[in-house]
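Colleague: Enclosed is the structure file protein.txt (compact mmCIF, C-alpha atoms and all ligand atoms).
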```txt
# COMPACT_ATOMS: atom_id res chain seq x y z
CA MET A 1 29.91 14.10 -19.28
CA GLU A 2 32.61 13.71 -16.66
CA GLU A 3 36.09 13.84 -18.22
CA LYS A 4 37.00 10.47 -16.73
CA THR A 5 33.89 8.71 -18.07
CA ALA A 6 34.06 10.37 -21.49
CA LYS A 7 37.55 9.07 -22.12
CA CYS A 8 37.30 5.51 -20.83
CA SER A 9 36.68 2.51 -23.08
CA ASN A 10 33.26 0.91 -23.35
CA GLN A 11 34.52 -1.97 -21.23
CA GLU A 12 35.79 0.32 -18.47
CA TRP A 13 32.53 2.28 -18.51
CA LEU A 14 30.55 -0.96 -18.34
CA ASP A 15 32.54 -2.28 -15.38
CA GLN A 16 32.12 1.01 -13.48
CA VAL A 17 28.36 1.09 -14.13
CA TYR A 18 27.98 -2.54 -13.08
CA ASP A 19 29.72 -1.86 -9.76
CA LYS A 20 27.44 1.14 -9.11
CA LEU A 21 24.42 -0.95 -10.07
CA LEU A 22 25.24 -3.59 -7.45
CA VAL A 23 25.37 -0.96 -4.70
CA LYS A 24 22.30 0.95 -5.80
CA MET A 25 20.05 -2.06 -6.37
CA LYS A 26 21.03 -3.69 -3.06
CA ALA A 27 19.97 -0.53 -1.19
CA GLU A 28 16.84 -0.11 -3.28
CA CYS A 29 15.76 -3.71 -2.79
CA GLU A 30 16.13 -3.36 1.00
CA ARG A 31 13.96 -0.22 0.99
CA VAL A 32 11.34 -1.20 -1.58
CA GLY A 33 10.97 -4.97 -1.05
CA SER A 34 7.64 -6.15 -2.45
CA ASN A 35 6.15 -2.70 -2.86
CA ILE A 36 5.43 -1.90 -6.51
CA PRO A 37 7.18 1.28 -7.69
CA TYR A 38 6.42 3.46 -10.70
CA THR A 39 8.11 6.82 -10.20
CA THR A 40 9.70 8.57 -7.23
CA GLY A 41 7.94 11.02 -4.93
CA GLU A 42 9.21 14.46 -3.93
CA ASP A 43 11.37 12.72 -1.32
CA GLY A 44 13.29 10.90 -4.09
CA LYS A 45 11.84 7.58 -2.90
CA TYR A 46 9.56 5.03 -4.48
CA HIS A 47 6.06 4.60 -3.04
CA ASP A 48 3.76 1.65 -3.57
CA ILE A 49 1.60 2.00 -6.68
CA THR A 50 -1.56 1.79 -4.54
CA GLU A 51 -0.54 5.07 -2.86
CA THR A 52 -0.37 6.83 -6.25
CA PRO A 53 -2.99 7.82 -8.85
CA TRP A 54 -1.84 4.86 -11.01
CA GLY A 55 -3.13 2.41 -8.42
CA LYS A 56 -6.47 4.02 -7.47
CA THR A 57 -9.90 3.06 -8.76
CA PRO A 58 -12.49 5.82 -9.48
CA ASP A 59 -14.41 4.87 -6.32
CA GLY A 60 -11.36 5.40 -4.09
CA GLY A 61 -10.25 1.75 -3.92
CA THR A 62 -6.90 0.42 -5.05
CA HIS A 63 -5.67 -1.94 -7.78
CA VAL A 64 -2.38 -3.37 -9.07
CA SER A 65 -3.30 -3.60 -12.79
CA PHE A 66 -1.18 -0.69 -14.03
CA TRP A 67 0.84 -1.83 -17.03
CA THR A 68 4.25 -1.12 -15.50
CA ASN A 69 3.80 -3.29 -12.41
CA GLY A 70 5.90 -6.18 -13.76
CA PHE A 71 9.07 -4.14 -14.25
CA TRP A 72 10.18 -4.05 -10.61
CA PRO A 73 10.04 -7.85 -10.26
CA GLY A 74 11.72 -8.01 -13.67
CA MET A 75 14.61 -5.93 -12.31
CA LEU A 76 14.77 -8.09 -9.19
CA TRP A 77 14.97 -11.31 -11.24
CA GLN A 78 17.73 -9.75 -13.35
CA MET A 79 19.69 -8.90 -10.20
CA TYR A 80 19.05 -12.35 -8.75
CA GLU A 81 20.44 -13.89 -11.94
CA ALA A 82 23.52 -11.67 -11.78
CA THR A 83 24.27 -12.00 -8.06
CA GLY A 84 22.43 -15.01 -6.61
CA ASP A 85 21.34 -12.81 -3.68
CA GLU A 86 18.15 -14.39 -2.27
CA ALA A 87 16.77 -10.99 -1.15
CA TYR A 88 16.01 -10.15 -4.79
CA LYS A 89 14.12 -13.40 -5.31
CA THR A 90 12.07 -13.00 -2.12
CA ALA A 91 11.00 -9.46 -3.08
CA ALA A 92 10.15 -10.52 -6.65
CA VAL A 93 7.99 -13.42 -5.49
CA GLY A 94 6.20 -11.07 -3.07
CA VAL A 95 5.23 -8.77 -5.95
CA GLU A 96 4.15 -11.70 -8.12
CA GLU A 97 1.76 -12.89 -5.40
CA ARG A 98 0.21 -9.42 -5.33
CA LEU A 99 -0.16 -9.39 -9.13
CA GLU A 100 -2.29 -12.55 -9.02
CA GLU A 101 -5.22 -10.20 -8.30
CA VAL A 102 -4.96 -8.93 -11.92
CA LEU A 103 -5.78 -12.41 -13.23
CA LYS A 104 -9.04 -12.42 -11.26
CA ASP A 105 -10.23 -9.16 -12.84
CA SER A 106 -10.15 -9.67 -16.59
CA GLU A 107 -11.56 -6.22 -17.37
CA SER A 108 -8.85 -4.38 -15.48
CA VAL A 109 -6.12 -5.03 -18.04
CA GLY A 110 -5.68 -5.11 -21.83
CA HIS A 111 -2.73 -6.24 -23.95
CA ASP A 112 -0.28 -5.41 -21.13
CA LEU A 113 -0.52 -8.95 -19.74
CA GLY A 114 2.89 -9.60 -21.26
CA PHE A 115 4.56 -6.69 -19.49
CA LEU A 116 2.88 -7.74 -16.23
CA PHE A 117 3.53 -11.48 -16.28
CA LEU A 118 6.65 -12.08 -18.40
CA GLN A 119 8.70 -10.08 -15.90
CA SER A 120 7.09 -11.65 -12.84
CA SER A 121 5.62 -15.16 -13.15
CA VAL A 122 7.35 -16.31 -16.33
CA ALA A 123 10.70 -14.97 -15.11
CA ASN A 124 10.16 -16.86 -11.84
CA TYR A 125 9.29 -20.04 -13.73
CA ARG A 126 12.26 -19.70 -16.08
CA LYS A 127 14.63 -19.22 -13.16
CA THR A 128 13.19 -21.60 -10.55
CA GLY A 129 10.75 -23.94 -12.34
CA ASN A 130 8.01 -22.97 -9.86
CA ALA A 131 4.76 -24.65 -10.98
CA GLN A 132 2.44 -21.97 -9.58
CA ALA A 133 4.37 -19.29 -11.45
CA ARG A 134 4.04 -21.30 -14.67
CA GLN A 135 0.29 -21.57 -14.09
CA ARG A 136 -0.03 -17.80 -13.59
CA GLY A 137 1.93 -17.22 -16.81
CA LEU A 138 -0.34 -19.57 -18.74
CA VAL A 139 -3.54 -17.96 -17.44
CA ALA A 140 -2.11 -14.57 -18.45
CA ALA A 141 -1.32 -15.93 -21.94
CA CYS A 142 -4.89 -17.22 -22.33
CA GLU A 143 -6.21 -13.81 -21.31
CA LEU A 144 -3.92 -12.11 -23.84
CA ALA A 145 -5.00 -14.51 -26.60
CA SER A 146 -8.63 -13.68 -25.83
CA ARG A 147 -8.00 -10.05 -26.89
CA TYR A 148 -7.43 -11.18 -30.48
CA ASN A 149 -9.72 -9.73 -33.14
CA LEU A 150 -10.35 -12.52 -35.67
CA ASP A 151 -11.25 -10.37 -38.68
CA GLY A 152 -8.71 -7.61 -38.12
CA ARG A 153 -5.99 -10.13 -37.13
CA PHE A 154 -4.69 -7.99 -34.27
CA ILE A 155 -4.67 -7.99 -30.47
CA ARG A 156 -6.87 -5.27 -29.05
CA ALA A 157 -4.85 -2.77 -26.98
CA TRP A 158 -6.90 -1.35 -24.16
CA PRO A 159 -9.92 -2.60 -22.21
CA GLY A 160 -13.16 -0.83 -21.41
CA PRO A 161 -16.22 0.51 -23.23
CA ARG A 162 -15.94 1.73 -26.84
CA HIS A 163 -15.49 5.37 -25.85
CA ASN A 164 -13.57 5.82 -22.63
CA ARG A 165 -10.92 7.96 -20.96
CA MET A 166 -8.09 6.24 -22.82
CA SER A 167 -9.64 6.86 -26.26
CA GLU A 168 -10.31 10.51 -25.31
CA MET A 169 -6.68 10.98 -24.23
CA MET A 170 -5.48 9.58 -27.56
CA GLY A 171 -7.69 11.69 -29.82
CA GLY A 172 -11.07 9.90 -29.74
CA GLY A 173 -12.61 6.95 -31.58
CA ASP A 174 -13.93 3.46 -30.84
CA ILE A 175 -11.20 1.87 -28.75
CA ARG A 176 -12.47 -1.67 -29.34
CA GLY A 177 -10.75 -1.72 -32.76
CA TRP A 178 -7.39 -0.27 -31.70
CA MET A 179 -4.03 -2.01 -31.95
CA ILE A 180 -0.79 -0.35 -30.80
CA ILE A 181 2.91 -0.83 -31.48
CA ASP A 182 3.58 -1.45 -27.76
CA CYS A 183 1.93 -4.88 -28.06
CA MET A 184 4.95 -6.21 -29.96
CA MET A 185 6.58 -6.53 -26.54
CA ASN A 186 3.68 -8.60 -25.20
CA LEU A 187 3.79 -11.21 -27.97
CA PRO A 188 6.60 -13.20 -26.29
CA LEU A 189 4.08 -14.30 -23.64
CA LEU A 190 2.19 -16.06 -26.43
CA TYR A 191 5.34 -17.58 -27.96
CA TRP A 192 6.28 -18.86 -24.50
CA ALA A 193 2.81 -20.38 -23.92
CA SER A 194 2.91 -22.18 -27.27
CA ARG A 195 6.23 -23.79 -26.41
CA GLU A 196 5.16 -24.59 -22.88
CA LEU A 197 1.91 -26.27 -23.98
CA ASP A 198 3.18 -27.58 -27.32
CA ASP A 199 0.20 -25.80 -28.87
CA PRO A 200 0.71 -23.61 -31.98
CA ARG A 201 -2.43 -21.50 -31.48
CA PHE A 202 -0.76 -18.88 -29.30
CA THR A 203 2.10 -18.41 -31.77
CA LYS A 204 -0.35 -18.11 -34.68
CA ILE A 205 -2.10 -15.23 -32.91
CA ALA A 206 1.22 -13.53 -32.19
CA VAL A 207 2.48 -13.95 -35.76
CA ASN A 208 -0.77 -12.65 -37.25
CA HIS A 209 -0.63 -9.62 -34.98
CA ALA A 210 3.00 -8.97 -35.92
CA ARG A 211 2.17 -9.18 -39.64
CA THR A 212 -0.70 -6.71 -39.19
CA ALA A 213 1.70 -4.40 -37.35
CA GLN A 214 4.20 -4.69 -40.22
CA LYS A 215 1.50 -3.74 -42.69
CA TYR A 216 -0.28 -0.91 -40.88
CA ILE A 217 2.09 0.42 -38.21
CA VAL A 218 5.58 0.45 -39.74
CA ARG A 219 6.09 3.03 -42.48
CA PRO A 220 8.56 2.53 -45.37
CA ASP A 221 11.19 4.80 -43.74
CA GLY A 222 11.19 2.73 -40.52
CA SER A 223 9.11 5.22 -38.54
CA CYS A 224 5.93 3.97 -36.87
CA ASN A 225 2.38 4.90 -36.04
CA HIS A 226 1.54 4.44 -32.39
CA ILE A 227 -2.08 3.41 -32.89
CA VAL A 228 -4.04 1.92 -35.78
CA ALA A 229 -7.84 1.92 -35.64
CA PHE A 230 -9.87 -0.83 -37.32
CA ASP A 231 -13.60 -1.43 -37.44
CA PRO A 232 -13.97 -3.89 -34.52
CA ASP A 233 -16.77 -5.78 -36.34
CA THR A 234 -15.30 -6.14 -39.83
CA GLY A 235 -11.57 -5.62 -39.20
CA GLU A 236 -11.47 -2.93 -41.92
CA TYR A 237 -8.68 -0.30 -41.56
CA LEU A 238 -10.07 3.08 -40.48
CA THR A 239 -7.31 5.49 -39.43
CA ASN A 240 -4.20 5.99 -37.29
CA PRO A 241 -4.84 8.24 -34.26
CA GLY A 242 -1.84 10.16 -32.90
CA GLY A 243 -1.42 8.44 -29.52
CA GLN A 244 1.38 9.28 -27.11
CA GLY A 245 3.59 11.08 -29.62
CA TYR A 246 3.51 14.66 -30.90
CA LYS A 247 0.70 14.20 -33.42
CA GLN A 248 -0.83 11.92 -36.01
CA GLY A 249 1.86 10.89 -38.50
CA SER A 250 4.74 11.74 -36.14
CA SER A 251 7.13 9.26 -34.58
CA TRP A 252 6.87 8.62 -30.82
CA SER A 253 10.29 7.43 -29.73
CA ARG A 254 9.19 4.85 -27.18
CA GLY A 255 6.85 3.39 -29.79
CA GLN A 256 9.86 3.20 -32.09
CA SER A 257 11.76 1.33 -29.39
CA TRP A 258 8.90 -1.12 -28.90
CA ALA A 259 9.11 -1.79 -32.66
CA VAL A 260 12.88 -2.35 -32.68
CA TYR A 261 12.91 -4.72 -29.73
CA GLY A 262 9.49 -6.27 -30.39
CA PHE A 263 10.17 -7.30 -34.01
CA ALA A 264 13.62 -8.57 -33.05
CA LEU A 265 11.96 -10.74 -30.39
CA SER A 266 9.39 -12.04 -32.87
CA TYR A 267 12.34 -13.07 -35.06
CA ARG A 268 14.00 -14.83 -32.13
CA HIS A 269 10.83 -16.79 -31.35
CA THR A 270 9.78 -17.66 -34.92
CA GLY A 271 12.87 -17.47 -37.15
CA ASP A 272 10.82 -15.43 -39.66
CA GLN A 273 13.43 -13.31 -41.51
CA SER A 274 10.91 -10.57 -42.32
CA PHE A 275 10.61 -9.77 -38.60
CA LEU A 276 14.37 -9.28 -38.30
CA ASP A 277 14.32 -7.09 -41.42
CA THR A 278 11.56 -4.94 -39.91
CA ALA A 279 13.45 -4.68 -36.61
CA LYS A 280 16.52 -3.46 -38.52
CA GLN A 281 14.47 -1.02 -40.60
CA CYS A 282 13.08 0.56 -37.39
CA ALA A 283 16.50 0.39 -35.70
CA HIS A 284 18.19 2.29 -38.54
CA TYR A 285 15.54 4.99 -38.31
CA CYS A 286 16.16 5.34 -34.53
CA ILE A 287 19.95 5.32 -34.90
CA ALA A 288 19.85 7.98 -37.63
CA ASN A 289 17.68 10.20 -35.41
CA MET A 290 19.64 9.70 -32.20
CA ALA A 291 23.00 10.18 -33.90
CA VAL A 292 22.05 13.81 -34.57
CA SER A 293 20.73 14.51 -31.05
CA GLY A 294 23.73 13.40 -28.98
CA TRP A 295 22.34 9.83 -28.74
CA LEU A 296 19.54 11.11 -26.49
CA PRO A 297 16.08 10.32 -27.85
CA LEU A 298 13.54 13.11 -28.13
CA VAL A 299 10.05 12.15 -26.94
CA ASP A 300 9.04 12.19 -30.60
CA TYR A 301 11.57 12.11 -33.44
CA ARG A 302 9.30 14.55 -35.32
CA GLN A 303 8.55 16.95 -32.47
CA PRO A 304 9.19 20.70 -32.90
CA ALA A 305 12.63 22.02 -31.91
CA GLU A 306 11.10 23.79 -28.91
CA PRO A 307 10.41 22.79 -26.22
CA LEU A 308 13.25 20.27 -26.13
CA LYS A 309 11.88 17.15 -24.40
CA TYR A 310 13.67 13.83 -24.01
CA ASP A 311 12.58 10.32 -23.08
CA SER A 312 15.34 8.21 -21.54
CA THR A 313 13.05 5.14 -21.42
CA ALA A 314 13.00 5.06 -25.23
CA ALA A 315 16.80 5.11 -25.16
CA MET A 316 17.07 2.17 -22.79
CA CYS A 317 14.54 0.02 -24.63
CA THR A 318 16.08 0.85 -28.01
CA ALA A 319 19.50 -0.17 -26.66
CA CYS A 320 18.11 -3.56 -25.59
CA GLY A 321 16.52 -3.98 -29.02
CA LEU A 322 19.83 -3.22 -30.72
CA LEU A 323 21.60 -5.77 -28.51
CA GLU A 324 18.92 -8.32 -29.39
CA ILE A 325 19.46 -7.66 -33.13
CA ALA A 326 23.22 -7.95 -32.59
CA GLY A 327 22.65 -11.50 -31.40
CA HIS A 328 21.11 -12.53 -34.74
CA VAL A 329 23.52 -11.04 -37.29
CA ASP A 330 27.13 -11.60 -38.36
CA GLU A 331 30.07 -10.22 -36.42
CA ASN A 332 30.51 -7.03 -38.47
CA GLU A 333 26.87 -6.08 -38.25
CA ALA A 334 26.77 -7.02 -34.57
CA ARG A 335 29.60 -4.55 -33.91
CA PHE A 336 27.53 -1.78 -35.52
CA TYR A 337 24.43 -2.43 -33.38
CA THR A 338 26.42 -2.98 -30.19
CA GLU A 339 28.38 0.23 -30.66
CA ALA A 340 25.13 2.18 -31.22
CA ALA A 341 23.73 0.64 -28.01
CA TYR A 342 26.84 1.74 -26.10
CA GLN A 343 26.53 5.28 -27.47
CA ILE A 344 22.92 5.50 -26.29
CA LEU A 345 23.56 3.97 -22.86
CA ARG A 346 26.62 6.13 -22.20
CA ALA A 347 24.87 9.34 -23.29
CA CYS A 348 21.92 8.58 -21.01
CA ASP A 349 24.17 7.59 -18.13
CA ALA A 350 26.03 10.91 -18.47
CA LYS A 351 22.88 13.04 -18.62
CA PHE A 352 20.25 11.18 -16.65
CA ALA A 353 21.70 8.65 -14.20
CA ASN A 354 21.35 9.07 -10.45
CA TRP A 355 23.71 6.63 -8.70
CA ASP A 356 23.03 7.89 -5.15
CA PRO A 357 22.14 4.70 -3.22
CA GLU A 358 20.16 6.77 -0.71
CA GLN A 359 17.68 7.70 -3.44
CA ASP A 360 15.46 5.40 -5.51
CA SER A 361 15.59 5.13 -9.32
CA ILE A 362 18.61 5.25 -11.59
CA THR A 363 17.41 6.91 -14.78
CA THR A 364 15.68 10.25 -14.66
CA GLY A 365 14.51 11.76 -17.95
CA GLY A 366 11.58 9.42 -18.66
CA THR A 367 8.51 10.88 -20.36
CA PHE A 368 5.15 9.11 -20.39
CA PHE A 369 3.64 10.97 -23.36
CA TYR A 370 4.37 14.11 -25.35
CA HIS A 371 1.23 16.06 -24.45
CA ASP A 372 1.21 15.81 -20.68
CA PRO A 373 -1.15 18.48 -19.39
CA THR A 374 0.19 18.17 -15.83
CA GLY A 375 3.88 18.30 -16.76
CA GLU A 376 4.38 15.77 -13.95
CA ASN A 377 5.30 12.94 -16.29
CA THR A 378 7.89 14.74 -18.38
CA GLU A 379 11.57 13.88 -17.82
CA VAL A 380 11.03 12.04 -14.55
CA PRO A 381 12.25 8.68 -13.23
CA ILE A 382 10.08 5.86 -14.66
CA ILE A 383 10.51 2.27 -13.57
CA TYR A 384 10.79 0.72 -17.04
CA GLY A 385 13.69 3.05 -17.91
CA ASP A 386 15.57 1.35 -15.09
CA TYR A 387 14.40 -2.12 -16.12
CA PHE A 388 15.79 -1.74 -19.65
CA PHE A 389 18.97 -0.04 -18.42
CA ILE A 390 19.66 -2.96 -16.09
CA GLU A 391 18.81 -5.52 -18.76
CA ALA A 392 21.19 -3.80 -21.21
CA ILE A 393 24.05 -3.60 -18.70
CA LEU A 394 23.64 -7.22 -17.65
CA ARG A 395 23.38 -8.37 -21.27
CA LEU A 396 26.68 -6.63 -22.02
CA LYS A 397 28.21 -8.24 -18.91
CA GLY A 398 26.89 -11.66 -19.96
CA LYS A 399 24.88 -11.90 -16.71
CA SER A 400 21.27 -11.26 -17.78
CA LEU A 401 18.19 -13.46 -17.50
CA PHE A 402 16.21 -13.69 -20.75
CA GLU A 403 12.75 -12.40 -19.76
CA TRP A 404 11.00 -12.04 -23.13
N1 LIG A 501 2.85 0.96 -23.15
C1 LIG A 501 2.56 2.29 -22.79
C2 LIG A 501 3.71 3.19 -22.92
O1 LIG A 501 4.73 2.84 -23.49
O2 LIG A 501 3.62 4.30 -22.43
```
Spell out the structure here as structure tokens.
Modeller:
Amino acid sequence: MEEKTAKCSNQEWLDQVYDKLLVKMKAECERVGSNIPYTTGEDGKYHDITETPWGKTPDGGTHVSFWTNGFWPGMLWQMYEATGDEAYKTAAVGVEERLEEVLKDSESVGHDLGFLFLQSSVANYRKTGNAQARQRGLVAACELASRYNLDGRFIRAWPGPRHNRMSEMMGGGDIRGWMIIDCMMNLPLLYWASRELDDPRFTKIAVNHARTAQKYIVRPDGSCNHIVAFDPDTGEYLTNPGGQGYKQGSSWSRGQSWAVYGFALSYRHTGDQSFLDTAKQCAHYCIANMAVSGWLPLVDYRQPAEPLKYDSTAAMCTACGLLEIAGHVDENEARFYTEAAYQILRACDAKFANWDPEQDSITTGGTFFYHDPTGENTEVPIIYGDYFFIEAILRLKGKSLFEW
């Protein structure tokens, strides 16, 4: 860490980062516009998702259904909120219009409808009141609700036939009965739809899913499974495949961050104290682990010592979750969670941030999953790392848009 940055107060650090953010995001927005970025190419620049493997169909066509495609508009709406610069809004609306295609192809997307449409259409509606954006958000919420398994009381994670590439990648099994911790972050789309339509059905689905996650995903020590498999016909619990972490029974750090932030958000939307308690339980587990690794999250908190692999995206999302919890507790407790968030953000800034405005992406060090056979998705820039970094910085500055 640079001497100057290491010694300054949290407030000084925050002000410096905010100033760098304004410069970097202005340049990035001018370059990227309504393209949809995921990671940078060898040239250090973002390329549209349709030019990458994440936006190609098996027959050589293109699609925009990849789960991360809402994060760029989410960043743009955050920057619009903070600065009022119309260029951010124009680019965000351009992406949202492209994402409409996802709503016409129900089979192309699973539970990720929240990630895709909270940060695009719902953010637009919240900020501008645009009726078309509201309509897109509501269609997305109906689609998400339709993934609910009545007997298992969970939202199915991924689309497609019972045995497909996704289930093979995650250790095999009938994917139709799988729920995953990530979905906690998609539930706010349902809470929003319930309020918007004055219709409790969406919230009931979200609450039932969250209770199933409490029961089968969160372990007593605050660590989490990534996936839980149920019989899709009867809803009976079967097993917990390993997923994107090190192995079955381990503790994938981004999954942990989805739990911290996701349960805190379910508390915000429902007032159910048990959700805040679960968020804290998972938060304490993350804090205890990060405190002994320089506040930098490993890809899996139970991975072997070698090779040493980090995931900065887990750090950024955990920090946002801690700041969310801080908003629902008394002053003393809030200081504890806020200080932990600062530690994480400052450690990641020191190790992983790239503030060069000529290059795209701020946070390097993002890892998609522990067992990446290509090595191409280990400690690289990933768009949602930047989204959560920006959200955290703007929250601390009191300039963020609530997008969940
Ligand atoms: N939601 C997928 C992931 O976190 O990688």
Colleague: Quick one: contact table of chain A to ligand LIG 501 (chain A), 8 Å max, nearest atom pair and distance in Å to one decimal per residue, counting only C-alpha atoms and all ligand atoms, chain and number order, as CSV?
Modeller:
```
residue,atom,partner,partner_atom,distance
A:Trp67,CA,A:LIG501,N1,7.0
A:Asp112,CA,A:LIG501,N1,7.4
A:Asp182,CA,A:LIG501,N1,5.3
A:Cys183,CA,A:LIG501,N1,7.7
A:Gln244,CA,A:LIG501,O2,7.2
A:Arg254,CA,A:LIG501,O1,6.1
A:Gly255,CA,A:LIG501,O1,6.7
A:Trp258,CA,A:LIG501,O1,7.9
A:Phe368,CA,A:LIG501,O2,5.4
A:Phe369,CA,A:LIG501,O2,6.7
```
Colleague: Using all atoms listed in the file, can you tell me which of A:His328, A:Arg395, A:Arg219, A:Lys45 comes closest to Ser266 in chain A?
Modeller: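 The closest residue to Ser266 in chain A is A:His328.
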Colleague: For Ala283 in chain A, which of A:Asp105, A:Asp59, A:Asp221, A:Asp311 is the closest residue, counting all atoms listed in the file?
Modeller: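 The closest residue to Ala283 in chain A is A:Asp221.
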Colleague: With only C-alpha atoms as the basis for distance, which of A:Ala82, A:Ile227, A:Ala133, A:Leu296 is at the shortest distance from Ala157 in chain A?
Modeller: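 Smallest separation from Ala157 in chain A among the options: A:Ile227.
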Colleague: Suppose you want the space between CA of Leu76 in chain A and CA of Gly321 in chain A; what is it in Å?
Modeller: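 Atom-to-atom, CA of Leu76 in chain A and CA of Gly321 in chain A are spaced 20.3 Å apart.
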Colleague: Need the shell around range 23-31 of chain A: protein/DNA/RNA residues with any atom at most 12 Å away, counting only C-alpha atoms. Skip same-chain ones fewer than 5 positions apart. Format as an MDAnalysis selection string?
Modeller: chainID A and resid 16:18 36:37 40 44:48 72:73 75:80 82:92 353:363 386:387 390
Colleague: Would you please work out which residue, of A:Phe202, A:Phe275, A:Tyr370, A:Tyr216, is nearest to Gly242 in chain A when using only C-alpha atoms?
Modeller: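 Looking only at the distances to Gly242 in chain A, the closest residue turns out to be A:Tyr370.
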Colleague: At what distance in Å, to one decimal, does CA of Ala279 in chain A lie from CA of Phe230 in chain A?
Modeller: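 Separation of CA of Phe230 in chain A and CA of Ala279 in chain A: 23.6 Å.
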Colleague: Just how far from CA of Ala314 in chain A is CA of Ala264 in chain A, in Å to one decimal?
Modeller: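 For CA of Ala264 in chain A relative to CA of Ala314 in chain A, the distance reads 15.7 Å.
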Colleague: Just want the 8 Å neighbourhood of range 337-344 of chain A, counted on all atoms listed in the file, with same-chain residues fewer than 5 positions away dropped. Output as number ranges by chain.
Modeller: A: 10, 287, 290, 295-296, 315-316, 318-320, 322-323, 325-326
Colleague: Taking (-5.0, -6.2, -12.6) as a centre in this file's frame and 12 Å as the limit, can you find every polymer residue with an atom that close, using all atoms listed in the file, and give them as a ChimeraX atom specification?
Modeller: /A:50,54-57,62-70,96-113,115-117,140,143,159
Colleague: Taking all atoms listed in the file into account, name the residue in A:Tyr148, A:Phe336, A:Trp13, A:Trp192 that is nearest to Tyr125 in chain A.
Modeller: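 That would be A:Trp192, the residue with the smallest distance to Tyr125 in chain A.
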Colleague: Taking all atoms listed in the file into account, name the residue in A:Lys127, A:His371, A:Arg346, A:Arg162 that is nearest to Ala392 in chain A.
Modeller: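 Closest candidate: A:Arg346.
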